[in-house]
Amino acid sequence: MKRLGGMDAMFLSCETPSMHLHVVGVLLLDPPQGPEADPRDALKRLVGERLALLAPFRWRLVQAPGAVAGPSWIEDPEFSLDNHIRFERLASPGDSEALEALIGDIAGVLLDRSKPLWEMTLVDGLDDGKVAVITKLHHALMDGSAGADIMAHLFDLTPEVRAPEGVDQWNSEQIPSTWKLIAAVPSGVFKRLSAIPGAVAGTVGGVRGFVGSAFPKVDGVRQFSGAPRTPYNDALTPRRVVSLETCSLSEVKQLKNALGVTVNDVVLAAVASAMRNGLLEIDGLPDRPMIAAVPVAERGDGEGGFGNQTSMMMVPLPTHIADPLERVQWVHEAAAQAKDSYKEMGSDFIESWAQVLPSWMVSVGSRAWGTLGLAKRVPPVCNVVVSNVPGPPIPLYMAGARVAATFPLGPLLEGVGVNITVLSQDDDLHVGVIACPDIVSNSDAIAAGVGAEIAELLEAVEAAG
């Protein structure tokens with residue numbers, strides 16, 4: 001058995017029937033042509049041949065009754081690809097709206113915890129001849145960086161599928177009995193107690209940074225009252241909708257160079273504009289800046305492994321500003337201040353406390369939050385989750401098919417009805433918006449608004465000379 005890390009266990013314990021903590025990736029493939037080319041067989045064969053490189057694909061969750069001890073992974077003795085790889089065909093006309101609806105349906109269903117926590121659905125019948133691969137992975141298995149590494153093992157640099165590397169040395173484990181799981185409780189409790197001094201020391205040393213990171217300043221004033229409440233911030237339901245958009249990465253870099261900011265600043269400004277216009281459309285724009293929760297990868301360059309090495313910082317968004325150029329400069333300064341507070345807090349602050357809190361306590365608290373409807377009564381900590389993931393700058397292939405586009409979709413947090421994730425690939429910036437339709441009625445306008453803001457910024461830069 002492999003005991004989960006603090007953040008890994010937290011993602012499992014916080015999950016509720018309405019707050020799904022899996023991530024979804026959507027690949028659009030240009031499949032090889034010819035009657036002998038069957039993408040369904042090719043995908044299943046590819047995953048099977050590379051399982052030795054995809055260790056979490058065979059990890060199964062086990063936990064003592066009542067979650068009195070932290071969860072562990074075992075090598076699933078009942079593992080079968082048939083339980084994880086599925087096939088769907090879109091009904092005619094097979095347009096993008098139908099694909100987005102299917103992705104939303106898949107994203108709105110919890111993963112089965114009696115099996116390894118992933119699934120992959122190949123979808124054909126698209127009107128442009130492409131094939132979609134929708135992959136769903138639980139966040140407890142990996143963060144964004146580790147997830148990208150996992151998917152990289154399924155890619156090739158040429159249409160020719162490389163041969164399997166080495167021999168699969170995998171050995172399954174027996175599912176532990178209830179008594180064995182209970183017997184492991186004392187060691188888990190001792191490990192948790194031994195982590196308390198380090199968590200306390202980290203809190204004392206980084207408390208100023210934690211306050212600064214959790215409650216960012218807006219125009220010099222600390223936002224202890226939390227983020228403003230908007231129509232996009234309410235109690236979640238299980239339903240999900242998805243909107244996909246593609247922008248030009250070269251245009252974003254052009255803006256970065258012209259304005260003296262970062263790519264991430266341009267992305268955050270575009271998200272601010274999209275959120276602003278979406279809320280104006282439904283007469284729900286607050287009169288002060290909104291707050292974005294921005295995941296921060298802590299995995300070093302070249303550092304492999306699975307599990308989560310990630311944290312979060314809060315960045316104010318200039319949704320109260322109408323001028324596009326002013327929005328970029330405002331968010332540039334706000335993001336720099338947020339980074340300073342985050343560094344002062346320390347990258348392991350959240351992980352250290354995640355190791356201390358018992359799984360049952362986290363689970364009870366998370367479910368109570370949803371059951372009692374506290375998201376309707378307590379000011380939200382943030383208004384939106386925004387992730388910017390650097391993707392491959394070179395052409396990639398999967399099972400002989402060229403990867404035409406990659407769209408990432410992150411999880412929704414209780415009280416936060418929309419998540420926006422962007423991923424760069426070749427000369428494109430792929431935008432994935434996932435939302436709860438019972439909170440967010442115009443997610444398609446938000447996705448389109450990101451691209452519209454980039455175009456507006458380009459016009460403003462050209463007009464300014």
# chains A, B, ... in the order shown; residues from 1 in each chain; ligands from 1
>>> select_by_dssp(residues="stretch 266-334 of chain A", states="helix (DSSP H, G or I)", output="ChimeraX atom specification")
/A:266-281,324-334
>>> residues_around(residues="A:Glu251", least_positions_apart="5", cutoff="9 Å", atoms="only C-alpha atoms", output="NGL selection string")
:A and (256 or 454-455 or 458)
>>> write_last_selection(atoms="N, CA and C atoms", output="compact mmCIF listing (two decimals), in the first residue's frame")
# COMPACT_ATOMS: atom_id res chain seq x y z
N LYS A 256 2.01 40.75 -25.02
CA LYS A 256 2.96 40.69 -23.91
C LYS A 256 4.16 41.61 -24.17
N ILE A 454 -8.74 39.56 -26.35
CA ILE A 454 -7.43 39.58 -27.01
C ILE A 454 -7.50 40.41 -28.28
N ALA A 455 -8.58 40.24 -29.05
CA ALA A 455 -8.76 41.04 -30.26
C ALA A 455 -8.91 42.52 -29.92
N LEU A 458 -5.53 44.03 -29.03
CA LEU A 458 -4.71 44.26 -30.21
C LEU A 458 -5.12 45.55 -30.90
>>> residues_around(residues="stretch 52-55 of chain A", least_positions_apart="3", cutoff="8 Å", atoms="only C-alpha atoms", output="PyMOL selection string")
chain A and resi 49+58-59+150+153+167-170
>>> closest_residue(among="A:Pro408, A:Val315, A:Gln63, A:Ala435", to="A:Thr178", atoms="only C-alpha atoms")
A:Gln63
>>> atom_distance(atom1="atom CA of A:Ile420", atom2="atom CA of A:Gly129")
27.0 Å
>>> residues_around(residues="A:Leu279", least_positions_apart="4", cutoff="9 Å", atoms="only C-alpha atoms", output="list in words")
Thr230, Pro231, Tyr232, Ala274, Met275, Asp283, Gly284, Leu285, Pro286 and Asn442 of chain A
>>> write_last_selection(atoms="C-alpha atoms", output="PDB file, in the first residue's frame")
ATOM      1  CA  THR A 230     -21.927  37.614  -7.869  1.00  0.00           C
ATOM      2  CA  PRO A 231     -24.574  35.490  -9.617  1.00  0.00           C
ATOM      3  CA  TYR A 232     -21.712  33.128 -10.513  1.00  0.00           C
ATOM      4  CA  ALA A 274     -14.859  37.834 -20.131  1.00  0.00           C
ATOM      5  CA  MET A 275     -16.212  37.718 -16.570  1.00  0.00           C
ATOM      6  CA  ASP A 283     -26.894  42.701 -14.782  1.00  0.00           C
ATOM      7  CA  GLY A 284     -24.735  41.127 -12.076  1.00  0.00           C
ATOM      8  CA  LEU A 285     -21.383  42.976 -12.219  1.00  0.00           C
ATOM      9  CA  PRO A 286     -20.054  43.934  -8.755  1.00  0.00           C
ATOM     10  CA  ASN A 442     -23.955  32.050 -20.139  1.00  0.00           C
TER      11      ASN A 442
END
>>> select_by_dssp(residues="stretch 225-426 of chain A", states="strand (DSSP E)", output="number ranges by chain")
A: 241-248, 290-297, 310-317, 384-389, 397-398, 401-409, 418-425
>>> write_last_selection(atoms="C-alpha atoms", output="short mmCIF file (atom, residue, chain, number, x, y, z; two decimals), in the first residue's frame")
data_model
loop_
_atom_site.label_atom_id
_atom_site.label_comp_id
_atom_site.auth_asym_id
_atom_site.auth_seq_id
_atom_site.Cartn_x
_atom_site.Cartn_y
_atom_site.Cartn_z
CA VAL A 241 -21.61 22.55 -18.97
CA VAL A 242 -18.50 23.04 -21.07
CA SER A 243 -17.46 25.67 -23.61
CA LEU A 244 -14.28 25.47 -25.71
CA GLU A 245 -12.50 28.32 -27.49
CA THR A 246 -9.22 28.70 -29.37
CA CYS A 247 -7.15 31.91 -29.52
CA SER A 248 -3.85 32.84 -31.16
CA MET A 290 -13.40 40.11 -8.40
CA ILE A 291 -10.88 37.58 -7.04
CA ALA A 292 -9.34 34.71 -9.02
CA ALA A 293 -7.87 31.63 -7.37
CA VAL A 294 -4.77 30.75 -9.40
CA PRO A 295 -3.16 27.30 -8.88
CA VAL A 296 0.63 27.40 -8.58
CA ALA A 297 2.75 24.38 -9.56
CA THR A 310 0.62 22.49 -5.98
CA SER A 311 -0.69 25.45 -4.05
CA MET A 312 -2.96 28.44 -4.66
CA MET A 313 -2.71 32.21 -4.69
CA MET A 314 -5.47 34.82 -4.89
CA VAL A 315 -5.21 37.47 -7.60
CA PRO A 316 -7.65 40.42 -7.87
CA LEU A 317 -9.22 40.86 -11.32
CA VAL A 384 -13.41 32.08 -10.35
CA VAL A 385 -10.56 29.58 -10.68
CA VAL A 386 -8.08 30.43 -13.45
CA SER A 387 -5.22 28.17 -14.59
CA ASN A 388 -2.64 28.83 -17.28
CA VAL A 389 -0.87 25.61 -18.30
CA TYR A 397 0.64 12.41 -32.26
CA MET A 398 -1.47 9.88 -30.41
CA ALA A 401 -3.24 10.58 -35.18
CA ARG A 402 -2.10 14.19 -35.05
CA VAL A 403 -3.18 16.05 -31.90
CA ALA A 404 -4.98 19.05 -33.37
CA ALA A 405 -6.07 20.62 -30.07
CA THR A 406 -5.89 20.04 -26.31
CA PHE A 407 -8.48 21.56 -23.98
CA PRO A 408 -8.07 21.35 -20.19
CA LEU A 409 -10.99 21.56 -17.74
CA VAL A 418 -16.95 28.67 -13.15
CA ASN A 419 -13.40 27.44 -13.84
CA ILE A 420 -11.33 28.74 -16.76
CA THR A 421 -8.20 26.86 -17.82
CA VAL A 422 -6.00 27.72 -20.80
CA LEU A 423 -3.28 25.60 -22.39
CA SER A 424 -0.79 26.64 -25.05
CA GLN A 425 -0.10 24.26 -27.93
#
>>> atom_distance(atom1="atom CA of A:Leu154", atom2="atom CA of A:Val123")
17.3 Å
>>> closest_residue(among="A:Asp105, A:Glu15, A:Asp95, A:Asp76", to="A:Met1", atoms="only C-alpha atoms")
A:Asp76
>>> residues_around(residues="A:Thr262", least_positions_apart="2", cutoff="12 Å", atoms="only C-alpha atoms", output="ChimeraX atom specification")
/A:252-260,264-269,328-329,331-333,335-336,388
>>> write_last_selection(atoms="N, CA and C atoms", output="PDB file, in the first residue's frame")
ATOM      1  N   VAL A 252      -1.157  36.736 -28.328  1.00  0.00           N
ATOM      2  CA  VAL A 252      -0.959  36.956 -26.894  1.00  0.00           C
ATOM      3  C   VAL A 252       0.489  37.368 -26.620  1.00  0.00           C
ATOM      4  N   LYS A 253       1.444  36.705 -27.274  1.00  0.00           N
ATOM      5  CA  LYS A 253       2.851  37.066 -27.092  1.00  0.00           C
ATOM      6  C   LYS A 253       3.132  38.457 -27.656  1.00  0.00           C
ATOM      7  N   GLN A 254       2.468  38.815 -28.744  1.00  0.00           N
ATOM      8  CA  GLN A 254       2.610  40.157 -29.308  1.00  0.00           C
ATOM      9  C   GLN A 254       2.153  41.208 -28.301  1.00  0.00           C
ATOM     10  N   LEU A 255       1.050  40.935 -27.636  1.00  0.00           N
ATOM     11  CA  LEU A 255       0.551  41.850 -26.608  1.00  0.00           C
ATOM     12  C   LEU A 255       1.505  41.911 -25.416  1.00  0.00           C
ATOM     13  N   LYS A 256       2.012  40.750 -25.019  1.00  0.00           N
ATOM     14  CA  LYS A 256       2.963  40.693 -23.907  1.00  0.00           C
ATOM     15  C   LYS A 256       4.163  41.607 -24.169  1.00  0.00           C
ATOM     16  N   ASN A 257       4.720  41.511 -25.361  1.00  0.00           N
ATOM     17  CA  ASN A 257       5.901  42.300 -25.702  1.00  0.00           C
ATOM     18  C   ASN A 257       5.573  43.785 -25.828  1.00  0.00           C
ATOM     19  N   ALA A 258       4.426  44.083 -26.420  1.00  0.00           N
ATOM     20  CA  ALA A 258       4.058  45.483 -26.635  1.00  0.00           C
ATOM     21  C   ALA A 258       3.743  46.199 -25.325  1.00  0.00           C
ATOM     22  N   LEU A 259       3.175  45.474 -24.354  1.00  0.00           N
ATOM     23  CA  LEU A 259       2.718  46.099 -23.114  1.00  0.00           C
ATOM     24  C   LEU A 259       3.694  45.903 -21.956  1.00  0.00           C
ATOM     25  N   GLY A 260       4.750  45.126 -22.164  1.00  0.00           N
ATOM     26  CA  GLY A 260       5.730  44.918 -21.108  1.00  0.00           C
ATOM     27  C   GLY A 260       5.182  44.124 -19.933  1.00  0.00           C
ATOM     28  N   ASN A 264       0.814  35.412 -18.687  1.00  0.00           N
ATOM     29  CA  ASN A 264      -0.201  35.170 -17.676  1.00  0.00           C
ATOM     30  C   ASN A 264      -1.001  36.437 -17.368  1.00  0.00           C
ATOM     31  N   ASP A 265      -0.343  37.617 -17.415  1.00  0.00           N
ATOM     32  CA  ASP A 265      -1.060  38.873 -17.214  1.00  0.00           C
ATOM     33  C   ASP A 265      -2.109  39.077 -18.306  1.00  0.00           C
ATOM     34  N   VAL A 266      -1.731  38.788 -19.541  1.00  0.00           N
ATOM     35  CA  VAL A 266      -2.675  38.942 -20.658  1.00  0.00           C
ATOM     36  C   VAL A 266      -3.849  37.981 -20.482  1.00  0.00           C
ATOM     37  N   VAL A 267      -3.549  36.740 -20.077  1.00  0.00           N
ATOM     38  CA  VAL A 267      -4.612  35.757 -19.860  1.00  0.00           C
ATOM     39  C   VAL A 267      -5.558  36.225 -18.756  1.00  0.00           C
ATOM     40  N   LEU A 268      -5.004  36.696 -17.634  1.00  0.00           N
ATOM     41  CA  LEU A 268      -5.850  37.149 -16.529  1.00  0.00           C
ATOM     42  C   LEU A 268      -6.684  38.361 -16.930  1.00  0.00           C
ATOM     43  N   ALA A 269      -6.104  39.269 -17.708  1.00  0.00           N
ATOM     44  CA  ALA A 269      -6.868  40.426 -18.176  1.00  0.00           C
ATOM     45  C   ALA A 269      -8.001  39.993 -19.107  1.00  0.00           C
ATOM     46  N   VAL A 328      -5.048  45.570 -18.286  1.00  0.00           N
ATOM     47  CA  VAL A 328      -3.806  44.782 -18.336  1.00  0.00           C
ATOM     48  C   VAL A 328      -2.791  45.304 -17.331  1.00  0.00           C
ATOM     49  N   GLN A 329      -2.585  46.609 -17.299  1.00  0.00           N
ATOM     50  CA  GLN A 329      -1.602  47.170 -16.368  1.00  0.00           C
ATOM     51  C   GLN A 329      -2.031  46.970 -14.920  1.00  0.00           C
ATOM     52  N   VAL A 331      -3.895  44.474 -13.714  1.00  0.00           N
ATOM     53  CA  VAL A 331      -3.726  43.072 -13.319  1.00  0.00           C
ATOM     54  C   VAL A 331      -2.243  42.718 -13.236  1.00  0.00           C
ATOM     55  N   HIS A 332      -1.410  43.370 -14.030  1.00  0.00           N
ATOM     56  CA  HIS A 332       0.041  43.142 -13.948  1.00  0.00           C
ATOM     57  C   HIS A 332       0.557  43.485 -12.551  1.00  0.00           C
ATOM     58  N   GLU A 333       0.151  44.627 -12.034  1.00  0.00           N
ATOM     59  CA  GLU A 333       0.575  45.037 -10.694  1.00  0.00           C
ATOM     60  C   GLU A 333      -0.046  44.155  -9.620  1.00  0.00           C
ATOM     61  N   ALA A 335      -1.023  41.013  -9.883  1.00  0.00           N
ATOM     62  CA  ALA A 335      -0.417  39.684  -9.910  1.00  0.00           C
ATOM     63  C   ALA A 335       0.969  39.705  -9.277  1.00  0.00           C
ATOM     64  N   ALA A 336       1.723  40.779  -9.492  1.00  0.00           N
ATOM     65  CA  ALA A 336       3.055  40.883  -8.883  1.00  0.00           C
ATOM     66  C   ALA A 336       2.953  40.936  -7.362  1.00  0.00           C
ATOM     67  N   ASN A 388      -3.356  28.646 -16.022  1.00  0.00           N
ATOM     68  CA  ASN A 388      -2.642  28.830 -17.285  1.00  0.00           C
ATOM     69  C   ASN A 388      -1.570  27.756 -17.358  1.00  0.00           C
TER      70      ASN A 388
END
>>> atom_distance(atom1="atom CA of A:Ala132", atom2="atom CA of A:Asp428")
17.6 Å
